[in-house]
Structures are given as structure tokens and as C-alpha cells.
>>> print(open('query.txt').read())   # compact mmCIF, C-alpha atoms and all ligand atoms
# COMPACT_ATOMS: atom_id res chain seq x y z
CA MET F 1 0.00 0.00 0.00
CA ARG F 2 1.18 3.49 -0.83
CA VAL F 3 0.56 5.85 2.07
CA GLY F 4 0.55 9.60 1.51
CA VAL F 5 1.35 11.63 4.60
CA ILE F 6 0.69 15.37 4.65
CA GLY F 7 3.63 16.67 6.68
CA GLY F 8 7.10 15.18 6.80
CA GLY F 9 7.95 15.91 10.42
CA GLN F 10 8.94 13.47 13.13
CA LEU F 11 5.44 11.99 13.23
CA GLY F 12 5.68 11.18 9.52
CA ARG F 13 9.13 9.76 10.09
CA MET F 14 7.91 7.46 12.86
CA LEU F 15 4.88 6.41 10.79
CA ALA F 16 7.22 5.31 8.01
CA LEU F 17 9.50 3.52 10.46
CA ALA F 18 6.45 1.52 11.58
CA GLY F 19 5.00 0.94 8.12
CA LEU F 20 8.06 -0.09 6.12
CA PRO F 21 8.17 -3.56 7.78
CA LEU F 22 4.53 -4.01 6.74
CA GLY F 23 5.56 -3.50 3.13
CA MET F 24 4.10 -0.02 2.85
CA ASP F 25 5.59 2.78 0.75
CA PHE F 26 5.51 6.36 1.92
CA HIS F 27 5.02 9.65 0.13
CA PHE F 28 5.23 12.95 1.99
CA ILE F 29 4.39 16.53 1.17
CA ASP F 30 6.16 19.19 3.21
CA PRO F 31 7.41 22.72 2.55
CA SER F 32 10.89 21.88 3.84
CA PRO F 33 13.48 19.88 1.88
CA GLU F 34 14.99 19.10 5.31
CA ALA F 35 11.78 17.43 6.58
CA PRO F 36 12.68 14.64 9.07
CA ALA F 37 10.79 12.03 7.00
CA ARG F 38 12.82 12.79 3.87
CA GLU F 39 14.95 9.63 4.04
CA LEU F 40 12.03 7.28 4.41
CA GLY F 41 9.96 7.86 1.33
CA HIS F 42 9.29 10.13 -1.60
CA LEU F 43 9.13 13.77 -0.55
CA ILE F 44 7.31 16.45 -2.53
CA VAL F 45 8.63 19.81 -1.37
CA ALA F 46 5.73 22.27 -1.61
CA PRO F 47 3.65 24.51 0.63
CA PHE F 48 0.57 22.84 2.08
CA ASP F 49 -1.68 25.21 0.14
CA ASP F 50 -0.14 24.35 -3.26
CA ARG F 51 -3.19 22.80 -4.85
CA ALA F 52 -1.42 21.31 -7.86
CA ALA F 53 1.33 19.77 -5.72
CA MET F 54 -1.26 18.36 -3.32
CA PHE F 55 -3.08 16.65 -6.19
CA ASP F 56 0.17 15.25 -7.65
CA PHE F 57 0.98 13.92 -4.20
CA ALA F 58 -2.48 12.36 -3.69
CA GLN F 59 -2.61 10.80 -7.14
CA ALA F 60 0.53 8.78 -6.42
CA VAL F 61 -0.88 7.05 -3.30
CA ASP F 62 -3.71 4.75 -2.20
CA VAL F 63 -4.66 6.59 0.98
CA VAL F 64 -3.94 10.05 2.38
CA THR F 65 -3.35 10.79 6.05
CA TYR F 66 -1.83 13.76 7.85
CA GLU F 67 0.62 14.35 10.64
CA PHE F 68 0.31 18.11 10.48
CA GLU F 69 -2.94 19.76 11.48
CA ASN F 70 -2.95 23.10 9.75
CA VAL F 71 -3.89 21.92 6.29
CA SER F 72 -6.80 23.64 4.59
CA ALA F 73 -9.92 21.55 5.24
CA PRO F 74 -11.64 22.67 1.99
CA LEU F 75 -8.54 21.60 0.02
CA LEU F 76 -8.53 18.26 1.82
CA ARG F 77 -12.20 17.77 0.92
CA GLU F 78 -11.24 18.19 -2.74
CA VAL F 79 -8.44 15.64 -2.32
CA GLN F 80 -10.94 13.29 -0.69
CA VAL F 81 -12.86 13.07 -3.95
CA ALA F 82 -9.79 11.51 -5.58
CA ARG F 83 -8.37 9.47 -2.68
CA PRO F 84 -9.61 8.35 0.73
CA VAL F 85 -8.49 10.73 3.50
CA MET F 86 -8.20 9.22 6.98
CA PRO F 87 -8.98 10.29 9.67
CA SER F 88 -11.96 12.25 8.42
CA THR F 89 -11.56 15.85 7.35
CA ASP F 90 -14.41 16.76 9.72
CA ALA F 91 -12.31 15.63 12.69
CA LEU F 92 -9.37 17.65 11.41
CA GLU F 93 -11.49 20.75 10.84
CA THR F 94 -12.94 20.54 14.36
CA SER F 95 -9.50 20.20 15.92
CA GLN F 96 -8.20 23.24 14.03
CA ASP F 97 -10.39 25.62 16.01
CA ARG F 98 -10.41 25.55 19.81
CA LEU F 99 -13.99 26.88 19.78
CA SER F 100 -15.41 24.11 17.60
CA GLU F 101 -13.41 21.57 19.60
CA LYS F 102 -14.97 22.77 22.84
CA ARG F 103 -18.46 22.79 21.31
CA LEU F 104 -17.92 19.22 20.17
CA PHE F 105 -16.87 18.14 23.67
CA GLN F 106 -19.98 19.80 25.12
CA SER F 107 -22.30 18.28 22.54
CA LEU F 108 -20.97 14.82 23.45
CA GLY F 109 -21.34 15.43 27.19
CA ILE F 110 -17.58 15.66 27.79
CA PRO F 111 -16.66 18.28 30.39
CA THR F 112 -14.32 20.99 29.12
CA THR F 113 -12.82 24.22 30.47
CA ARG F 114 -14.93 27.35 31.02
CA TYR F 115 -14.46 29.45 27.90
CA VAL F 116 -15.63 32.50 25.99
CA ALA F 117 -14.79 33.24 22.35
CA LEU F 118 -13.97 36.85 21.53
CA ASP F 119 -12.78 39.08 18.73
CA HIS F 120 -12.47 42.55 20.30
CA GLU F 121 -10.67 43.90 23.32
CA ALA F 122 -13.92 45.46 24.54
CA GLU F 123 -15.35 41.95 25.06
CA LEU F 124 -12.53 40.90 27.35
CA SER F 125 -13.73 42.21 30.71
CA ARG F 126 -17.11 40.46 30.35
CA ALA F 127 -15.33 37.32 29.27
CA ILE F 128 -13.17 37.47 32.40
CA GLU F 129 -16.30 37.76 34.53
CA GLN F 130 -17.50 34.49 33.00
CA THR F 131 -14.28 32.48 33.19
CA GLY F 132 -12.87 33.98 36.38
CA LEU F 133 -9.16 34.57 36.97
CA PRO F 134 -6.55 33.30 36.47
CA ALA F 135 -7.40 32.66 32.85
CA ILE F 136 -5.52 31.94 29.64
CA LEU F 137 -6.10 33.89 26.45
CA LYS F 138 -5.44 31.70 23.42
CA THR F 139 -5.61 32.02 19.67
CA ARG F 140 -8.45 29.85 18.38
CA ARG F 141 -6.29 28.57 15.54
CA LEU F 142 -2.67 27.66 14.88
CA GLY F 143 -1.44 27.52 18.48
CA TYR F 144 0.98 24.75 19.46
CA ASP F 145 3.68 24.01 22.01
CA GLY F 146 2.61 26.94 24.17
CA ARG F 147 2.61 29.43 21.27
CA GLY F 148 -0.45 31.61 20.90
CA GLN F 149 -1.27 31.61 24.65
CA VAL F 150 -0.95 34.34 27.26
CA PRO F 151 -1.90 33.94 30.93
CA ILE F 152 -4.02 36.60 32.62
CA TYR F 153 -3.67 36.74 36.40
CA GLU F 154 -5.08 40.20 37.20
CA PRO F 155 -7.67 42.32 35.37
CA GLY F 156 -4.80 44.76 34.71
CA ASP F 157 -2.97 42.12 32.57
CA ALA F 158 -5.86 41.81 30.13
CA GLY F 159 -5.09 44.70 27.75
CA ALA F 160 -1.46 43.66 27.22
CA ALA F 161 -2.49 40.01 26.77
CA PHE F 162 -5.01 41.00 24.12
CA GLN F 163 -2.46 43.13 22.27
CA THR F 164 0.03 40.23 22.18
CA LEU F 165 -2.47 38.07 20.30
CA ALA F 166 -4.60 40.73 18.60
CA ASN F 167 -3.27 40.03 15.10
CA ALA F 168 -3.97 36.30 15.18
CA PRO F 169 -6.26 35.27 12.32
CA GLY F 170 -9.42 33.47 13.40
CA GLY F 171 -10.16 35.17 16.71
CA LEU F 172 -9.36 34.38 20.34
CA ILE F 173 -10.73 32.30 23.16
CA LEU F 174 -10.46 32.95 26.87
CA GLU F 175 -10.29 29.87 29.08
CA GLY F 176 -10.52 29.67 32.84
CA ARG F 177 -7.31 28.21 34.19
CA VAL F 178 -7.92 24.73 35.56
CA VAL F 179 -6.14 23.96 38.80
CA PHE F 180 -5.44 20.43 37.78
CA GLU F 181 -4.00 17.62 39.84
CA ARG F 182 -2.63 15.92 36.76
CA GLU F 183 -2.66 16.04 33.00
CA ILE F 184 -3.29 12.81 31.17
CA SER F 185 -3.80 11.91 27.56
CA MET F 186 -5.40 8.96 25.90
CA VAL F 187 -4.45 7.59 22.51
CA ALA F 188 -6.99 5.33 20.82
CA CYS F 189 -7.43 3.82 17.40
CA ARG F 190 -10.54 2.83 15.45
CA ASP F 191 -10.48 0.58 12.40
CA GLN F 192 -12.66 0.39 9.31
CA THR F 193 -15.06 -2.09 10.92
CA GLY F 194 -15.62 0.21 13.91
CA ALA F 195 -13.44 -1.81 16.31
CA VAL F 196 -11.67 0.41 18.85
CA VAL F 197 -8.51 -0.11 20.91
CA PHE F 198 -7.41 2.19 23.74
CA TYR F 199 -3.87 2.61 25.00
CA PRO F 200 -3.45 3.06 28.73
CA PRO F 201 -3.39 6.83 29.37
CA GLY F 202 -0.08 8.56 29.94
CA GLU F 203 0.51 11.14 32.64
CA ASN F 204 2.00 14.22 31.04
CA VAL F 205 4.11 17.08 32.31
CA HIS F 206 4.23 20.28 30.25
CA GLN F 207 6.71 23.11 30.73
CA GLY F 208 5.80 26.43 29.19
CA GLY F 209 3.10 24.65 27.17
CA ILE F 210 5.59 22.12 25.69
CA LEU F 211 5.32 18.43 26.56
CA ARG F 212 8.38 17.54 28.61
CA SER F 213 7.57 14.04 29.78
CA SER F 214 4.94 11.34 29.80
CA TYR F 215 4.75 8.42 32.18
CA ALA F 216 2.62 5.38 31.37
CA PRO F 217 0.51 3.64 32.39
CA PHE F 218 -1.70 5.98 34.37
CA ARG F 219 -3.67 3.50 36.44
CA GLU F 220 -6.56 5.18 38.30
CA SER F 221 -9.28 2.99 36.91
CA PRO F 222 -12.36 5.25 37.33
CA LEU F 223 -10.52 7.96 35.36
CA VAL F 224 -9.29 5.48 32.77
CA ARG F 225 -12.90 4.36 32.25
CA GLN F 226 -14.05 7.98 31.95
CA ALA F 227 -11.34 8.64 29.35
CA GLU F 228 -12.30 5.56 27.34
CA SER F 229 -15.94 6.59 27.36
CA HIS F 230 -15.16 10.18 26.28
CA VAL F 231 -12.69 9.20 23.58
CA GLY F 232 -14.98 6.41 22.37
CA ARG F 233 -17.78 8.92 21.82
CA ILE F 234 -15.55 11.20 19.75
CA LEU F 235 -14.45 8.24 17.61
CA GLU F 236 -18.05 7.20 16.97
CA HIS F 237 -19.13 10.77 16.25
CA PHE F 238 -16.72 11.08 13.34
CA ASP F 239 -16.95 7.44 12.19
CA TYR F 240 -13.25 7.82 12.78
CA ILE F 241 -10.50 5.74 11.19
CA GLY F 242 -6.97 5.84 12.64
CA VAL F 243 -5.38 7.19 15.80
CA LEU F 244 -6.94 9.96 17.89
CA ALA F 245 -5.34 11.54 20.96
CA VAL F 246 -7.24 13.54 23.59
CA GLU F 247 -5.60 15.55 26.37
CA PHE F 248 -7.40 15.91 29.70
CA PHE F 249 -6.93 17.77 32.95
CA VAL F 250 -7.80 15.85 36.11
CA GLU F 251 -9.63 18.08 38.60
CA ASP F 252 -11.43 16.69 41.66
CA GLY F 253 -11.71 13.21 40.17
CA ILE F 254 -13.23 14.51 36.92
CA LEU F 255 -11.68 14.60 33.50
CA ILE F 256 -11.82 17.95 31.72
CA ALA F 257 -11.04 17.74 28.02
CA ASN F 258 -8.41 20.24 26.92
CA GLU F 259 -7.85 19.37 23.29
CA MET F 260 -7.82 16.59 20.74
CA ALA F 261 -5.40 15.72 17.96
CA PRO F 262 -6.71 13.66 15.04
CA ARG F 263 -3.36 12.00 14.48
CA VAL F 264 -0.55 10.11 16.15
CA HIS F 265 0.57 12.09 19.16
CA ASN F 266 3.73 13.00 21.03
CA SER F 267 2.32 11.72 24.32
CA GLY F 268 2.07 8.25 22.73
CA HIS F 269 5.67 7.91 21.54
CA TRP F 270 6.42 5.49 24.37
CA THR F 271 4.13 2.98 22.63
CA ILE F 272 6.99 2.28 20.18
CA GLU F 273 9.01 0.32 22.73
CA ALA F 274 6.55 -0.22 25.57
CA SER F 275 3.43 -1.51 23.81
CA VAL F 276 2.71 -4.70 21.92
CA THR F 277 1.70 -2.55 18.92
CA SER F 278 2.78 1.09 18.61
CA GLN F 279 0.37 3.95 17.91
CA PHE F 280 2.11 4.38 14.55
CA GLU F 281 1.59 0.78 13.49
CA ASN F 282 -2.03 0.76 14.61
CA HIS F 283 -2.75 3.98 12.72
CA LEU F 284 -1.38 2.38 9.54
CA ARG F 285 -3.21 -0.90 10.16
CA ALA F 286 -6.45 1.08 10.41
CA LEU F 287 -5.73 2.93 7.16
CA ALA F 288 -4.92 -0.32 5.37
CA GLY F 289 -8.06 -2.12 6.56
CA LEU F 290 -5.94 -4.55 8.61
CA PRO F 291 -6.86 -5.84 12.08
CA LEU F 292 -5.61 -3.63 14.92
CA GLY F 293 -2.85 -4.89 17.18
CA ARG F 294 -2.95 -5.24 20.96
CA THR F 295 -2.26 -2.15 23.01
CA ASP F 296 -1.10 -3.84 26.24
CA MET F 297 2.17 -2.57 27.63
CA ARG F 298 5.15 -4.90 27.89
CA GLN F 299 6.76 -2.63 30.49
CA GLU F 300 6.21 0.72 32.17
CA ALA F 301 7.57 3.70 30.30
CA LEU F 302 8.86 7.23 30.78
CA LEU F 303 9.14 9.42 27.71
CA VAL F 304 11.28 12.57 27.86
CA ASN F 305 11.30 15.04 24.98
CA ALA F 306 14.54 16.64 23.82
CA VAL F 307 13.70 20.28 23.16
CA GLY F 308 16.15 22.68 21.50
CA ARG F 309 19.00 20.19 21.00
CA MET F 310 19.75 16.49 21.27
CA PRO F 311 21.28 14.87 24.34
CA ASP F 312 24.66 13.16 24.27
CA ALA F 313 23.81 9.74 22.84
CA SER F 314 26.52 7.83 24.67
CA ALA F 315 25.46 9.21 28.05
CA VAL F 316 21.77 8.46 27.50
CA LEU F 317 22.33 5.00 26.07
CA ALA F 318 24.60 4.05 28.98
CA CYS F 319 21.39 3.84 31.05
CA PRO F 320 19.89 0.36 30.94
CA ASP F 321 16.77 0.08 28.80
CA VAL F 322 16.71 3.61 27.49
CA HIS F 323 15.96 4.19 23.82
CA LEU F 324 16.92 7.24 21.81
CA HIS F 325 15.07 8.83 18.87
CA ASP F 326 16.82 11.54 16.87
CA TYR F 327 14.44 13.29 14.45
CA ARG F 328 17.43 14.76 12.56
CA LYS F 329 16.18 18.30 12.90
CA ALA F 330 18.43 21.34 13.12
CA PRO F 331 18.75 22.44 16.77
CA ARG F 332 16.63 25.47 17.67
CA PRO F 333 15.25 26.64 21.02
CA GLY F 334 11.67 25.46 21.57
CA ARG F 335 11.86 22.81 18.86
CA LYS F 336 11.23 19.12 19.61
CA VAL F 337 14.31 17.47 18.08
CA GLY F 338 14.10 13.99 19.60
CA HIS F 339 12.99 11.94 22.57
CA VAL F 340 14.10 9.16 24.85
CA THR F 341 11.96 6.37 26.27
CA ALA F 342 13.03 4.55 29.41
CA LEU F 343 11.48 1.19 30.23
CA ALA F 344 11.32 -0.58 33.59
CA ASP F 345 9.24 -3.09 35.50
CA SER F 346 7.96 -0.54 38.01
CA ARG F 347 7.18 3.13 38.34
CA GLU F 348 9.61 3.31 41.26
CA SER F 349 12.52 2.28 39.03
CA LEU F 350 11.54 4.93 36.48
CA GLU F 351 11.24 7.57 39.18
CA GLU F 352 14.72 6.66 40.36
CA LEU F 353 16.13 7.14 36.87
CA ALA F 354 14.06 10.25 36.04
CA PRO F 355 16.30 12.97 37.60
CA ARG F 356 19.30 11.68 35.61
CA LEU F 357 17.28 11.63 32.40
CA PHE F 358 15.92 15.14 32.94
CA GLU F 359 19.47 16.34 33.48
CA MET F 360 20.81 14.62 30.37
CA VAL F 361 18.01 15.45 27.95
CA PRO F 362 18.02 19.17 27.05
CA PHE F 363 14.98 21.38 27.40
CA GLU F 364 15.79 24.72 25.78
CA ARG F 365 12.76 26.92 25.23
CA HIS F 366 12.18 29.72 22.83
CA GLY F 367 11.99 33.33 23.91
P1 LIG H 1 -2.73 23.55 24.94
O1 LIG H 1 -1.97 24.10 23.79
O2 LIG H 1 -4.10 24.08 25.07
O3 LIG H 1 -2.67 22.04 25.01
O4 LIG H 1 -1.93 24.03 26.25
C1 LIG H 1 -0.63 23.55 26.57
C2 LIG H 1 -0.52 23.35 28.06
O5 LIG H 1 -0.79 24.59 28.75
C3 LIG H 1 -1.52 22.37 28.65
O6 LIG H 1 -1.11 21.05 28.48
C4 LIG H 1 -1.53 22.82 30.10
O7 LIG H 1 -0.36 22.40 30.78
C5 LIG H 1 -1.49 24.33 29.97
N1 LIG H 1 -2.89 24.84 29.84
C6 LIG H 1 -3.53 25.16 28.70
N2 LIG H 1 -4.81 25.54 28.94
C7 LIG H 1 -4.99 25.45 30.26
C8 LIG H 1 -6.10 25.71 31.14
N3 LIG H 1 -7.27 26.15 30.67
N4 LIG H 1 -5.90 25.50 32.47
C9 LIG H 1 -4.72 25.08 32.96
N5 LIG H 1 -3.64 24.82 32.18
C10 LIG H 1 -3.75 25.00 30.86
>>> encode(input="query.txt", output="C-alpha cells", more="lines below")
Ligand code: AMP
Amino acid sequence: MRVGVIGGGQLGRMLALAGLPLGMDFHFIDPSPEAPARELGHLIVAPFDDRAAMFDFAQAVDVVTYEFENVSAPLLREVQVARPVMPSTDALETSQDRLSEKRLFQSLGIPTTRYVALDHEAELSRAIEQTGLPAILKTRRLGYDGRGQVPIYEPGDAGAAFQTLANAPGGLILEGRVVFEREISMVACRDQTGAVVFYPPGENVHQGGILRSSYAPFRESPLVRQAESHVGRILEHFDYIGVLAVEFFVEDGILIANEMAPRVHNSGHWTIEASVTSQFENHLRALAGLPLGRTDMRQEALLVNAVGRMPDASAVLACPDVHLHDYRKAPRPGRKVGHVTALADSRESLEELAPRLFEMVPFERHG
């Protein structure tokens, strides 16, 4: 099967690394000739809004998927006429706008943060009355890794926060800040017959909005059941095919949905070594109409992202059962350039190793 992946970043690279053993061929479209997936398939270098290039790309494959979320949904709907696009463009379009994402969660009975959408500074003080403070002002579209977000602690911060984001296309959203006990995410996959598999949730730590680490499995069973029920409803809603990730805050024993990603997800990278079948392989199995693989974990896992630059490989790999992934990206502050996954038989062993890993694996933020 020829798989077309929109985006040639690390997610595309890891998809290909999972699909090549299954006999799949990969085609990527990405604006950068340096895209991390370049070595693993045929790369068309073109902007994502280059209609002609997108059609050339789609024509050469059997199925189109995406690892990058900011593709034009109308363009993707045109592509869909020529080739199947999975997961559905509707899921992608919903995830591109924090407002439609929150409305979806509400319509499916999934608790989400208090929020108000706004376009003008004059609307901000009323919005603050509704969300309370502290709050976070976010761009509705195109935010990632902490970009496009400004915290508001005092009413006096509001004007400056608005000005920072005022030029963002697509409007803003104010969210009440959740005082969460934990952040967890669930990765799930649905196949073409409607069968669903859930990975155990991971417990995530973000720094400055960027995922720093994820520990799995998160075991609190009432919350795991809640997550499965919420994620299952989203999958059914879209008649979804492939991997979906949903991030939640845990507050007072309740899950509050933060956002969803209709693709393989950073917080599921530990599935490569720790799970019977990785998120990447299951996504491809779903696309190909193959049976999904088991999602049980072989061992417990701690994922640590390398942000800004790579760690010293010999130091990291001197730790027993630690695996290194280098995305072959140029170093740059704030950029995810690789990750490590440590495996062990218990959480205690991982917690013992964690301080050493955090010291060895760089976290260099932008700005
Ligand atoms: P996001 O881009 O919305 O996933 O935000 C990145 C990270 O910022 C989240 O994983 C949280 O750690 C933090 N964050 C975002 N929104 C909120 C919120 N409403 N309340 C508390 N923390 C938040």
C-alpha cells in the first residue's frame, strides 16, 4: 500500500519507520526539503496550500493521512474526492479551532474548560467575569507548544495580553485556568469495521506549554474508564478511522477535556518500545483495513522530549533500557528534536532514573 502523509515531520518519520516492515511505501508533502521524514519515502517539497502539488501527491498514493494539522480543510475535501483521506476531514477541521473543539466536547457530554470566544478587546472584561481569573487567552487557531497563549492573572494584565495576540487570524478564546492535579492523555485507534482499541493513558508534564515528559501507564481505573468513554464517543461521532489523541486535565476526580489531535501524538511515543503494537503501526493498520494490534504494555515507560537540542547519545544509552530517537532536525530553542523512552518493571525504578534523564536530555525553550 502506498501511504501519503501530509507533513514530513517526526510523526511522519515514525509512521514510516512503523509501516516499512509491513511492506508499505511512503510519500510525503512538506514545505521543507529538510523534513525529518525525507529519508524514508518520496518527498514532494511544496507549501501545504499548493493545490497542484497536493493533487500530484495524492494521485501517487492509495490513501492520504496527515501528521500536520494546519492543512486547509476545503482543500482536503477536494483531495478526498480523488483518494480516501483518513482520519476524516471533519475531525481535522474541528480540531483546528479551539472553539469548535470545545463545542464538540460539550455536545458529546464531555466536560471541558470554562471558555468565551472573543474578537475585540472590549469583550474581554465580560469574558473574564465568566471564566474567572486566572485565565488563559489563546488564539483559536494555529497555536501549538505553548505558542499563541498568554496567561491573565489580574484584570490589569488583560489589555497587554489582548495586544500580544490581537493580530492572530481566526479570533481568540479565553479559558478559565484549571487547577489540575494531573494532565493525562489517551491515545486510541478505530479501524474500518468500527473496532476500537485504547492505550493506557499517559501522565504528562508540560513546561511552558511544551510536553516535557509522559509516564505510562496511568492507572486510576475510574478515570481510565471515563477517558475511554469520552474518547470512544468522539471516535463514533466522526466514524473515525486511525489514531486519535485527547488531552485531559484531572480536577477533583473529573476529566476535563483540553484538546484533541486527530493523528498520532507526542504523548504516545512510548508505545513504540513499551506496547505490543505502537500507535504508529495501529494507525497504519487502520488505514490499510488490517486488524488492529494489541495495546497492552510490555513494560512501564517514561518518555522525555529533547527540546532545542539532542542529548549526548553515549550518556543516554549508557542507562539500561533507554531508547533514543533523533528526528534529525536542526537544533533550535523550543523545537522538539528527539525523545528518549526509558522502560522498567515498576514506576519506582523509572522515578529513580528520572532525575538523571531530565538532566541529560536538554529542554531549551524559545523566547
Ligand atoms: P494547549 O496548547 O491548550 O494544550 O496548552 C498547553 C498546556 O498549557 C496544557 O497542556 C496545560 O499544561 C497548559 N494549559 C492550557 N490551557 C490550560 C487551562 N485552561 N488551564 C490550565 N492549564 C492550561
>>> closest_residue(input="query.txt", among="F:Arg114, F:Arg83, F:Arg219, F:Arg225", to="ligand LIG 1 (chain H)", atoms="all atoms listed in the file")
F:Arg114
>>> closest_atom_pairs(input="query.txt", of="chain F", to="ligand LIG 1 (chain H)", cutoff="9 Å", atoms="all atoms listed in the file", output="CSV")
residue,atom,partner,partner_atom,distance
F:Arg98,CA,H:LIG1,O2,8.3
F:Thr112,CA,H:LIG1,N3,8.9
F:Thr113,CA,H:LIG1,N3,5.9
F:Arg114,CA,H:LIG1,N3,7.8
F:Tyr115,CA,H:LIG1,N3,8.4
F:Pro134,CA,H:LIG1,N4,8.8
F:Ala135,CA,H:LIG1,N3,6.9
F:Ile136,CA,H:LIG1,N3,6.1
F:Leu137,CA,H:LIG1,N2,8.8
F:Lys138,CA,H:LIG1,O2,7.9
F:Gly143,CA,H:LIG1,O1,6.3
F:Tyr144,CA,H:LIG1,O1,5.3
F:Asp145,CA,H:LIG1,O1,5.9
F:Gly146,CA,H:LIG1,C1,5.3
F:Arg147,CA,H:LIG1,O1,7.5
F:Gly148,CA,H:LIG1,O1,8.2
F:Gln149,CA,H:LIG1,O1,7.6
F:Leu174,CA,H:LIG1,N3,8.4
F:Glu175,CA,H:LIG1,N3,5.0
F:Gly176,CA,H:LIG1,N3,5.3
F:Arg177,CA,H:LIG1,N4,3.5
F:Val178,CA,H:LIG1,N4,3.8
F:Val179,CA,H:LIG1,C9,6.1
F:Phe180,CA,H:LIG1,C9,6.7
F:Glu183,CA,H:LIG1,O6,6.9
F:Ile184,CA,H:LIG1,O6,8.9
F:Asn204,CA,H:LIG1,O6,7.9
F:Val205,CA,H:LIG1,O7,7.1
F:His206,CA,H:LIG1,O7,5.1
F:Gln207,CA,H:LIG1,O7,7.1
F:Gly208,CA,H:LIG1,O5,6.9
F:Gly209,CA,H:LIG1,C1,3.9
F:Ile210,CA,H:LIG1,C1,6.4
F:Leu211,CA,H:LIG1,O6,7.2
F:Glu247,CA,H:LIG1,O3,7.2
F:Phe248,CA,H:LIG1,O6,8.2
F:Phe249,CA,H:LIG1,C9,7.6
F:Asn258,CA,H:LIG1,O2,6.1
F:Glu259,CA,H:LIG1,O3,6.1
F:Met260,CA,H:LIG1,O3,8.6
>>> residues_around(input="query.txt", residues="Phe363 of chain F", least_positions_apart="4", cutoff="7 Å", atoms="all atoms listed in the file", output="ChimeraX atom specification")
/F:306-308
>>> residues_around(input="query.txt", residues="Ile241 of chain F", least_positions_apart="2", cutoff="7 Å", atoms="all atoms listed in the file", output="ChimeraX atom specification")
/F:86-87,190-192,239,286-287
>>> closest_atom_pairs(input="query.txt", of="segment 95-198 of chain F", to="segment 289-297 of chain F", cutoff="12 Å", atoms="only C-alpha atoms", output="JSON lines")
{"residue": "F:Met186", "atom": "CA", "partner": "F:Thr295", "partner_atom": "CA", "distance": 11.9}
{"residue": "F:Val187", "atom": "CA", "partner": "F:Thr295", "partner_atom": "CA", "distance": 10.0}
{"residue": "F:Ala188", "atom": "CA", "partner": "F:Thr295", "partner_atom": "CA", "distance": 9.1}
{"residue": "F:Cys189", "atom": "CA", "partner": "F:Leu292", "partner_atom": "CA", "distance": 8.1}
{"residue": "F:Arg190", "atom": "CA", "partner": "F:Leu292", "partner_atom": "CA", "distance": 8.1}
{"residue": "F:Asp191", "atom": "CA", "partner": "F:Gly289", "partner_atom": "CA", "distance": 6.9}
{"residue": "F:Gln192", "atom": "CA", "partner": "F:Gly289", "partner_atom": "CA", "distance": 5.9}
{"residue": "F:Thr193", "atom": "CA", "partner": "F:Gly289", "partner_atom": "CA", "distance": 8.2}
{"residue": "F:Gly194", "atom": "CA", "partner": "F:Leu292", "partner_atom": "CA", "distance": 10.8}
{"residue": "F:Ala195", "atom": "CA", "partner": "F:Leu292", "partner_atom": "CA", "distance": 8.2}
{"residue": "F:Val196", "atom": "CA", "partner": "F:Leu292", "partner_atom": "CA", "distance": 8.3}
{"residue": "F:Val197", "atom": "CA", "partner": "F:Thr295", "partner_atom": "CA", "distance": 6.9}
{"residue": "F:Phe198", "atom": "CA", "partner": "F:Thr295", "partner_atom": "CA", "distance": 6.8}
>>> write_last_selection(input="query.txt", atoms="C-alpha atoms", output="mmCIF file, in the coordinates of the input")
data_model
loop_
_atom_site.group_PDB
_atom_site.id
_atom_site.type_symbol
_atom_site.label_atom_id
_atom_site.label_comp_id
_atom_site.auth_asym_id
_atom_site.auth_seq_id
_atom_site.Cartn_x
_atom_site.Cartn_y
_atom_site.Cartn_z
ATOM 1 C CA MET F 186 -5.400 8.960 25.900
ATOM 2 C CA VAL F 187 -4.450 7.590 22.510
ATOM 3 C CA ALA F 188 -6.990 5.330 20.820
ATOM 4 C CA CYS F 189 -7.430 3.820 17.400
ATOM 5 C CA ARG F 190 -10.540 2.830 15.450
ATOM 6 C CA ASP F 191 -10.480 0.580 12.400
ATOM 7 C CA GLN F 192 -12.660 0.390 9.310
ATOM 8 C CA THR F 193 -15.060 -2.090 10.920
ATOM 9 C CA GLY F 194 -15.620 0.210 13.910
ATOM 10 C CA ALA F 195 -13.440 -1.810 16.310
ATOM 11 C CA VAL F 196 -11.670 0.410 18.850
ATOM 12 C CA VAL F 197 -8.510 -0.110 20.910
ATOM 13 C CA PHE F 198 -7.410 2.190 23.740
#
>>> atom_distance(input="query.txt", atom1="atom CA of Gln80 of chain F", atom2="atom CA of Ala52 of chain F")
14.4 Å
>>> atom_distance(input="query.txt", atom1="atom CA of His265 of chain F", atom2="atom CA of Pro311 of chain F")
21.5 Å
>>> closest_atom_pairs(input="query.txt", of="segment 292-318 of chain F", to="segment 324-338 of chain F", cutoff="12 Å", atoms="only C-alpha atoms", output="Markdown table")
| residue | atom | partner | partner_atom | distance |
| --- | --- | --- | --- | --- |
| F:Leu303 | CA | F:Leu324 | CA | 10.0 |
| F:Val304 | CA | F:Gly338 | CA | 8.8 |
| F:Asn305 | CA | F:Gly338 | CA | 6.2 |
| F:Ala306 | CA | F:Gly338 | CA | 5.0 |
| F:Val307 | CA | F:Lys336 | CA | 4.5 |
| F:Gly308 | CA | F:Pro333 | CA | 4.1 |
| F:Arg309 | CA | F:Pro331 | CA | 4.8 |
| F:Met310 | CA | F:Val337 | CA | 6.4 |
| F:Pro311 | CA | F:Gly338 | CA | 8.6 |
| F:Asp312 | CA | F:Leu324 | CA | 10.1 |
| F:Ala313 | CA | F:Leu324 | CA | 7.4 |
| F:Ser314 | CA | F:Leu324 | CA | 10.0 |
| F:Ala315 | CA | F:Leu324 | CA | 10.8 |
| F:Val316 | CA | F:Leu324 | CA | 7.6 |
| F:Leu317 | CA | F:Leu324 | CA | 7.2 |
| F:Ala318 | CA | F:Leu324 | CA | 11.0 |
